[in-house]
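*Asks:* Take a look at the following structure, please.
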Amino acid sequence: LSLVRDIIKALYPAYSGSAEKYLSGNYAYFCNMFIADKAIFCDYSEWLFTILSEYTKQKPFEMHYPREQGKIAERLFGIYMTYLKDNTDIPWAEMPRAHFSSVNGTTTKNMSFNKLWYRLCPPNSIRRGIVRKIIHK
């Protein structure tokens, strides 16, 4: 993320404060889901893909890992949303994300739907990574 921070400082210095606020906070937006009018969506898309393109050009090859761009994009969405909330008068609302443990009466075996699993092994934690490696061997 330090490279992403540097890119934001160079290309979009107005977003630097929002980047620091969001990345040092304890709140996160996941799944890159939002509803916006066309102007905001286009502005966000240009901002996001400019940063991701520059990141791809600058990052060392050995830094590649699965779903890398998606994970970075989730952080970037949080920065963009923080910027909008703090620096514009655009009306916004946040809705909770829902997980369905059963669909049409069929229970899923996906452990990400388990509340205890989330408490013991929160997303992106070292503990979760170790348990997943053991389960998927």
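Ordering of the structure tokens sets the chain letters (A, B, ...); residue numbers start at 1 within each chain; ligands are numbered from 1 in the order shown.
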Where in chain A does DSSP assign alpha helix (DSSP H), given as number ranges by chain?

*Replies:* A: 2-11, 16-23, 38-58, 68-87, 115-120, 126-135

*Asks:* Given only C-alpha atoms as the basis, pick out the residue of A:Ala28, A:Ala14, A:Ile134, A:Ala93 nearest to Lys71 (chain A).

*Replies:* A:Ala28

*Asks:* When you look at Asp86 (chain A) with a cut-off of 12 Å (counting only C-alpha atoms), what residues show up, excluding the ones that are within fewer than 3 positions of it in the same chain? I need them as a PDB file with all heavy atoms, in the first residue's frame.

*Replies:*
```pdb
ATOM      1  N   ALA A  14      -4.902  15.921  -3.636  1.00  0.00           N
ATOM      2  CA  ALA A  14      -6.065  16.302  -2.824  1.00  0.00           C
ATOM      3  C   ALA A  14      -6.617  15.098  -2.049  1.00  0.00           C
ATOM      4  O   ALA A  14      -7.273  15.268  -1.022  1.00  0.00           O
ATOM      5  CB  ALA A  14      -7.157  16.896  -3.717  1.00  0.00           C
ATOM      6  N   TYR A  15      -6.339  13.891  -2.510  1.00  0.00           N
ATOM      7  CA  TYR A  15      -6.847  12.681  -1.867  1.00  0.00           C
ATOM      8  C   TYR A  15      -5.901  12.128  -0.802  1.00  0.00           C
ATOM      9  O   TYR A  15      -6.240  11.158  -0.129  1.00  0.00           O
ATOM     10  CB  TYR A  15      -7.093  11.585  -2.918  1.00  0.00           C
ATOM     11  CG  TYR A  15      -8.295  11.849  -3.787  1.00  0.00           C
ATOM     12  CD1 TYR A  15      -8.236  12.729  -4.852  1.00  0.00           C
ATOM     13  CD2 TYR A  15      -9.506  11.207  -3.542  1.00  0.00           C
ATOM     14  CE1 TYR A  15      -9.339  12.970  -5.643  1.00  0.00           C
ATOM     15  CE2 TYR A  15     -10.616  11.443  -4.330  1.00  0.00           C
ATOM     16  CZ  TYR A  15     -10.528  12.327  -5.385  1.00  0.00           C
ATOM     17  OH  TYR A  15     -11.627  12.560  -6.157  1.00  0.00           O
ATOM     18  N   GLY A  17      -4.907  13.215   2.171  1.00  0.00           N
ATOM     19  CA  GLY A  17      -5.445  13.248   3.532  1.00  0.00           C
ATOM     20  C   GLY A  17      -6.501  12.175   3.743  1.00  0.00           C
ATOM     21  O   GLY A  17      -6.530  11.505   4.782  1.00  0.00           O
ATOM     22  N   SER A  18      -7.358  11.981   2.747  1.00  0.00           N
ATOM     23  CA  SER A  18      -8.393  10.945   2.836  1.00  0.00           C
ATOM     24  C   SER A  18      -7.760   9.558   2.854  1.00  0.00           C
ATOM     25  O   SER A  18      -8.240   8.656   3.541  1.00  0.00           O
ATOM     26  CB  SER A  18      -9.363  11.064   1.662  1.00  0.00           C
ATOM     27  OG  SER A  18     -10.039  12.299   1.708  1.00  0.00           O
ATOM     28  N   ALA A  19      -6.675   9.397   2.088  1.00  0.00           N
ATOM     29  CA  ALA A  19      -5.978   8.103   2.062  1.00  0.00           C
ATOM     30  C   ALA A  19      -5.421   7.778   3.437  1.00  0.00           C
ATOM     31  O   ALA A  19      -5.597   6.660   3.943  1.00  0.00           O
ATOM     32  CB  ALA A  19      -4.862   8.125   1.020  1.00  0.00           C
ATOM     33  N   LYS A  21      -6.357   9.027   6.357  1.00  0.00           N
ATOM     34  CA  LYS A  21      -7.463   8.862   7.297  1.00  0.00           C
ATOM     35  C   LYS A  21      -8.088   7.474   7.162  1.00  0.00           C
ATOM     36  O   LYS A  21      -8.291   6.773   8.150  1.00  0.00           O
ATOM     37  CB  LYS A  21      -8.523   9.932   7.051  1.00  0.00           C
ATOM     38  CG  LYS A  21      -9.726   9.833   7.964  1.00  0.00           C
ATOM     39  CD  LYS A  21     -10.724  10.941   7.676  1.00  0.00           C
ATOM     40  CE  LYS A  21     -11.949  10.809   8.563  1.00  0.00           C
ATOM     41  NZ  LYS A  21     -12.930  11.878   8.289  1.00  0.00           N
ATOM     42  N   TYR A  22      -8.377   7.061   5.929  1.00  0.00           N
ATOM     43  CA  TYR A  22      -9.031   5.768   5.714  1.00  0.00           C
ATOM     44  C   TYR A  22      -8.110   4.598   6.049  1.00  0.00           C
ATOM     45  O   TYR A  22      -8.507   3.669   6.747  1.00  0.00           O
ATOM     46  CB  TYR A  22      -9.519   5.652   4.271  1.00  0.00           C
ATOM     47  CG  TYR A  22     -10.160   4.329   3.980  1.00  0.00           C
ATOM     48  CD1 TYR A  22     -11.436   4.028   4.454  1.00  0.00           C
ATOM     49  CD2 TYR A  22      -9.490   3.359   3.247  1.00  0.00           C
ATOM     50  CE1 TYR A  22     -12.020   2.801   4.203  1.00  0.00           C
ATOM     51  CE2 TYR A  22     -10.073   2.135   2.991  1.00  0.00           C
ATOM     52  CZ  TYR A  22     -11.331   1.859   3.465  1.00  0.00           C
ATOM     53  OH  TYR A  22     -11.901   0.640   3.230  1.00  0.00           O
ATOM     54  N   ILE A  79     -10.917   4.986   0.131  1.00  0.00           N
ATOM     55  CA  ILE A  79     -10.276   6.309   0.087  1.00  0.00           C
ATOM     56  C   ILE A  79     -11.164   7.285  -0.675  1.00  0.00           C
ATOM     57  O   ILE A  79     -11.401   8.412  -0.229  1.00  0.00           O
ATOM     58  CB  ILE A  79      -8.885   6.207  -0.569  1.00  0.00           C
ATOM     59  CG1 ILE A  79      -7.940   5.408   0.329  1.00  0.00           C
ATOM     60  CG2 ILE A  79      -8.320   7.589  -0.866  1.00  0.00           C
ATOM     61  CD1 ILE A  79      -6.648   4.977  -0.342  1.00  0.00           C
ATOM     62  N   TYR A  80     -11.683   6.834  -1.818  1.00  0.00           N
ATOM     63  CA  TYR A  80     -12.543   7.693  -2.633  1.00  0.00           C
ATOM     64  C   TYR A  80     -13.800   8.078  -1.850  1.00  0.00           C
ATOM     65  O   TYR A  80     -14.196   9.242  -1.825  1.00  0.00           O
ATOM     66  CB  TYR A  80     -12.908   6.974  -3.932  1.00  0.00           C
ATOM     67  CG  TYR A  80     -13.638   7.839  -4.920  1.00  0.00           C
ATOM     68  CD1 TYR A  80     -12.944   8.705  -5.753  1.00  0.00           C
ATOM     69  CD2 TYR A  80     -15.023   7.800  -5.016  1.00  0.00           C
ATOM     70  CE1 TYR A  80     -13.604   9.510  -6.666  1.00  0.00           C
ATOM     71  CE2 TYR A  80     -15.701   8.603  -5.922  1.00  0.00           C
ATOM     72  CZ  TYR A  80     -14.983   9.451  -6.752  1.00  0.00           C
ATOM     73  OH  TYR A  80     -15.651  10.243  -7.650  1.00  0.00           O
ATOM     74  N   MET A  81     -14.415   7.112  -1.184  1.00  0.00           N
ATOM     75  CA  MET A  81     -15.626   7.379  -0.416  1.00  0.00           C
ATOM     76  C   MET A  81     -15.336   8.325   0.753  1.00  0.00           C
ATOM     77  O   MET A  81     -16.121   9.230   1.036  1.00  0.00           O
ATOM     78  CB  MET A  81     -16.224   6.064   0.090  1.00  0.00           C
ATOM     79  CG  MET A  81     -17.565   6.202   0.721  1.00  0.00           C
ATOM     80  SD  MET A  81     -18.775   6.760  -0.476  1.00  0.00           S
ATOM     81  CE  MET A  81     -20.098   7.223   0.625  1.00  0.00           C
ATOM     82  N   THR A  82     -14.215   8.135   1.426  1.00  0.00           N
ATOM     83  CA  THR A  82     -13.817   9.027   2.512  1.00  0.00           C
ATOM     84  C   THR A  82     -13.646  10.446   1.991  1.00  0.00           C
ATOM     85  O   THR A  82     -14.089  11.409   2.624  1.00  0.00           O
ATOM     86  CB  THR A  82     -12.519   8.528   3.179  1.00  0.00           C
ATOM     87  OG1 THR A  82     -12.742   7.208   3.676  1.00  0.00           O
ATOM     88  CG2 THR A  82     -12.076   9.434   4.306  1.00  0.00           C
ATOM     89  N   TYR A  83     -13.024  10.568   0.831  1.00  0.00           N
ATOM     90  CA  TYR A  83     -12.845  11.887   0.225  1.00  0.00           C
ATOM     91  C   TYR A  83     -14.201  12.536  -0.067  1.00  0.00           C
ATOM     92  O   TYR A  83     -14.423  13.714   0.255  1.00  0.00           O
ATOM     93  CB  TYR A  83     -12.014  11.780  -1.055  1.00  0.00           C
ATOM     94  CG  TYR A  83     -11.847  13.109  -1.749  1.00  0.00           C
ATOM     95  CD1 TYR A  83     -10.860  14.002  -1.336  1.00  0.00           C
ATOM     96  CD2 TYR A  83     -12.689  13.486  -2.780  1.00  0.00           C
ATOM     97  CE1 TYR A  83     -10.712  15.237  -1.954  1.00  0.00           C
ATOM     98  CE2 TYR A  83     -12.552  14.719  -3.404  1.00  0.00           C
ATOM     99  CZ  TYR A  83     -11.561  15.583  -2.983  1.00  0.00           C
ATOM    100  OH  TYR A  83     -11.435  16.816  -3.582  1.00  0.00           O
ATOM    101  N   ASP A  89     -20.588  17.832  -0.789  1.00  0.00           N
ATOM    102  CA  ASP A  89     -21.913  17.810  -0.166  1.00  0.00           C
ATOM    103  C   ASP A  89     -22.823  16.792  -0.845  1.00  0.00           C
ATOM    104  O   ASP A  89     -24.037  16.875  -0.784  1.00  0.00           O
ATOM    105  CB  ASP A  89     -22.540  19.201  -0.179  1.00  0.00           C
ATOM    106  CG  ASP A  89     -22.708  19.758  -1.580  1.00  0.00           C
ATOM    107  OD1 ASP A  89     -22.227  19.130  -2.545  1.00  0.00           O
ATOM    108  OD2 ASP A  89     -23.334  20.816  -1.716  1.00  0.00           O
ATOM    109  N   ILE A  90     -22.220  15.802  -1.493  1.00  0.00           N
ATOM    110  CA  ILE A  90     -22.978  14.744  -2.161  1.00  0.00           C
ATOM    111  C   ILE A  90     -23.700  13.915  -1.102  1.00  0.00           C
ATOM    112  O   ILE A  90     -23.073  13.454  -0.142  1.00  0.00           O
ATOM    113  CB  ILE A  90     -22.039  13.849  -2.997  1.00  0.00           C
ATOM    114  CG1 ILE A  90     -21.428  14.647  -4.132  1.00  0.00           C
ATOM    115  CG2 ILE A  90     -22.775  12.627  -3.533  1.00  0.00           C
ATOM    116  CD1 ILE A  90     -20.339  13.927  -4.883  1.00  0.00           C
ATOM    117  N   PRO A  91     -25.018  13.742  -1.256  1.00  0.00           N
ATOM    118  CA  PRO A  91     -25.724  12.900  -0.282  1.00  0.00           C
ATOM    119  C   PRO A  91     -25.282  11.443  -0.420  1.00  0.00           C
ATOM    120  O   PRO A  91     -25.067  10.950  -1.525  1.00  0.00           O
ATOM    121  CB  PRO A  91     -27.200  13.075  -0.650  1.00  0.00           C
ATOM    122  CG  PRO A  91     -27.211  13.582  -2.035  1.00  0.00           C
ATOM    123  CD  PRO A  91     -25.902  14.273  -2.276  1.00  0.00           C
ATOM    124  N   TRP A  92     -25.121  10.767   0.692  1.00  0.00           N
ATOM    125  CA  TRP A  92     -24.683   9.369   0.670  1.00  0.00           C
ATOM    126  C   TRP A  92     -25.348   8.622   1.826  1.00  0.00           C
ATOM    127  O   TRP A  92     -25.794   9.217   2.799  1.00  0.00           O
ATOM    128  CB  TRP A  92     -23.160   9.258   0.766  1.00  0.00           C
ATOM    129  CG  TRP A  92     -22.577   9.976   1.937  1.00  0.00           C
ATOM    130  CD1 TRP A  92     -22.174  11.274   2.000  1.00  0.00           C
ATOM    131  CD2 TRP A  92     -22.375   9.443   3.251  1.00  0.00           C
ATOM    132  NE1 TRP A  92     -21.728  11.591   3.256  1.00  0.00           N
ATOM    133  CE2 TRP A  92     -21.843  10.482   4.048  1.00  0.00           C
ATOM    134  CE3 TRP A  92     -22.589   8.198   3.833  1.00  0.00           C
ATOM    135  CZ2 TRP A  92     -21.515  10.299   5.379  1.00  0.00           C
ATOM    136  CZ3 TRP A  92     -22.267   8.043   5.171  1.00  0.00           C
ATOM    137  CH2 TRP A  92     -21.726   9.077   5.917  1.00  0.00           C
TER     138      TRP A  92
END
```

*Asks:* Taking the DSSP secondary structure from the backbone, can you list the residues of chain A that are strand (DSSP E or B), as a list in words?

*Replies:*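 Result set for chain A (strand (DSSP E or B)): Ser102, Val103, Thr106 and Thr107 of chain A.
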
*Asks:* Between CA of Tyr27 (chain A) and CA of Arg67 (chain A), what is the spacing in Å?

*Replies:*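 A separation of 21.0 Å between them.
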
*Asks:* Could you jot down the CA of Tyr118 (chain A) to CA of Ser2 (chain A) separation for me, Å, one decimal place?

*Replies:* 27.2 Å

*Asks:* Applying 8 Å and only C-alpha atoms, which residues near Gln69 (chain A) remain after dropping the ones on its own chain fewer than 3 positions away? List them as a ChimeraX atom specification.

*Replies:* /A:52,72-73

*Asks:* Save out the residues we just selected, all heavy atoms, as a short mmCIF file (atom, residue, chain, number, x, y, z; two decimals), in the first residue's frame.

*Replies:*
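What follows is the written file again35.cif:
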```
data_model
loop_
_atom_site.label_atom_id
_atom_site.label_comp_id
_atom_site.auth_asym_id
_atom_site.auth_seq_id
_atom_site.Cartn_x
_atom_site.Cartn_y
_atom_site.Cartn_z
N LEU A 52 -4.61 2.32 -10.58
CA LEU A 52 -4.27 0.91 -10.77
C LEU A 52 -3.30 0.72 -11.94
O LEU A 52 -2.39 -0.11 -11.87
CB LEU A 52 -5.53 0.07 -11.00
CG LEU A 52 -6.42 -0.14 -9.77
CD1 LEU A 52 -7.68 -0.90 -10.17
CD2 LEU A 52 -5.68 -0.87 -8.66
N ILE A 72 -6.57 -4.12 -3.83
CA ILE A 72 -6.16 -2.71 -3.85
C ILE A 72 -7.36 -1.83 -4.19
O ILE A 72 -7.55 -0.78 -3.60
CB ILE A 72 -4.99 -2.51 -4.82
CG1 ILE A 72 -3.74 -3.20 -4.28
CG2 ILE A 72 -4.74 -1.02 -5.06
CD1 ILE A 72 -2.59 -3.26 -5.23
N ALA A 73 -8.17 -2.27 -5.15
CA ALA A 73 -9.35 -1.49 -5.54
C ALA A 73 -10.32 -1.31 -4.37
O ALA A 73 -10.94 -0.26 -4.23
CB ALA A 73 -10.06 -2.16 -6.73
#
```

*Asks:* What is the CA of Asp37 (chain A)-CA of Thr88 (chain A) distance in Å, reported with one decimal?

*Replies:* 14.7 Å
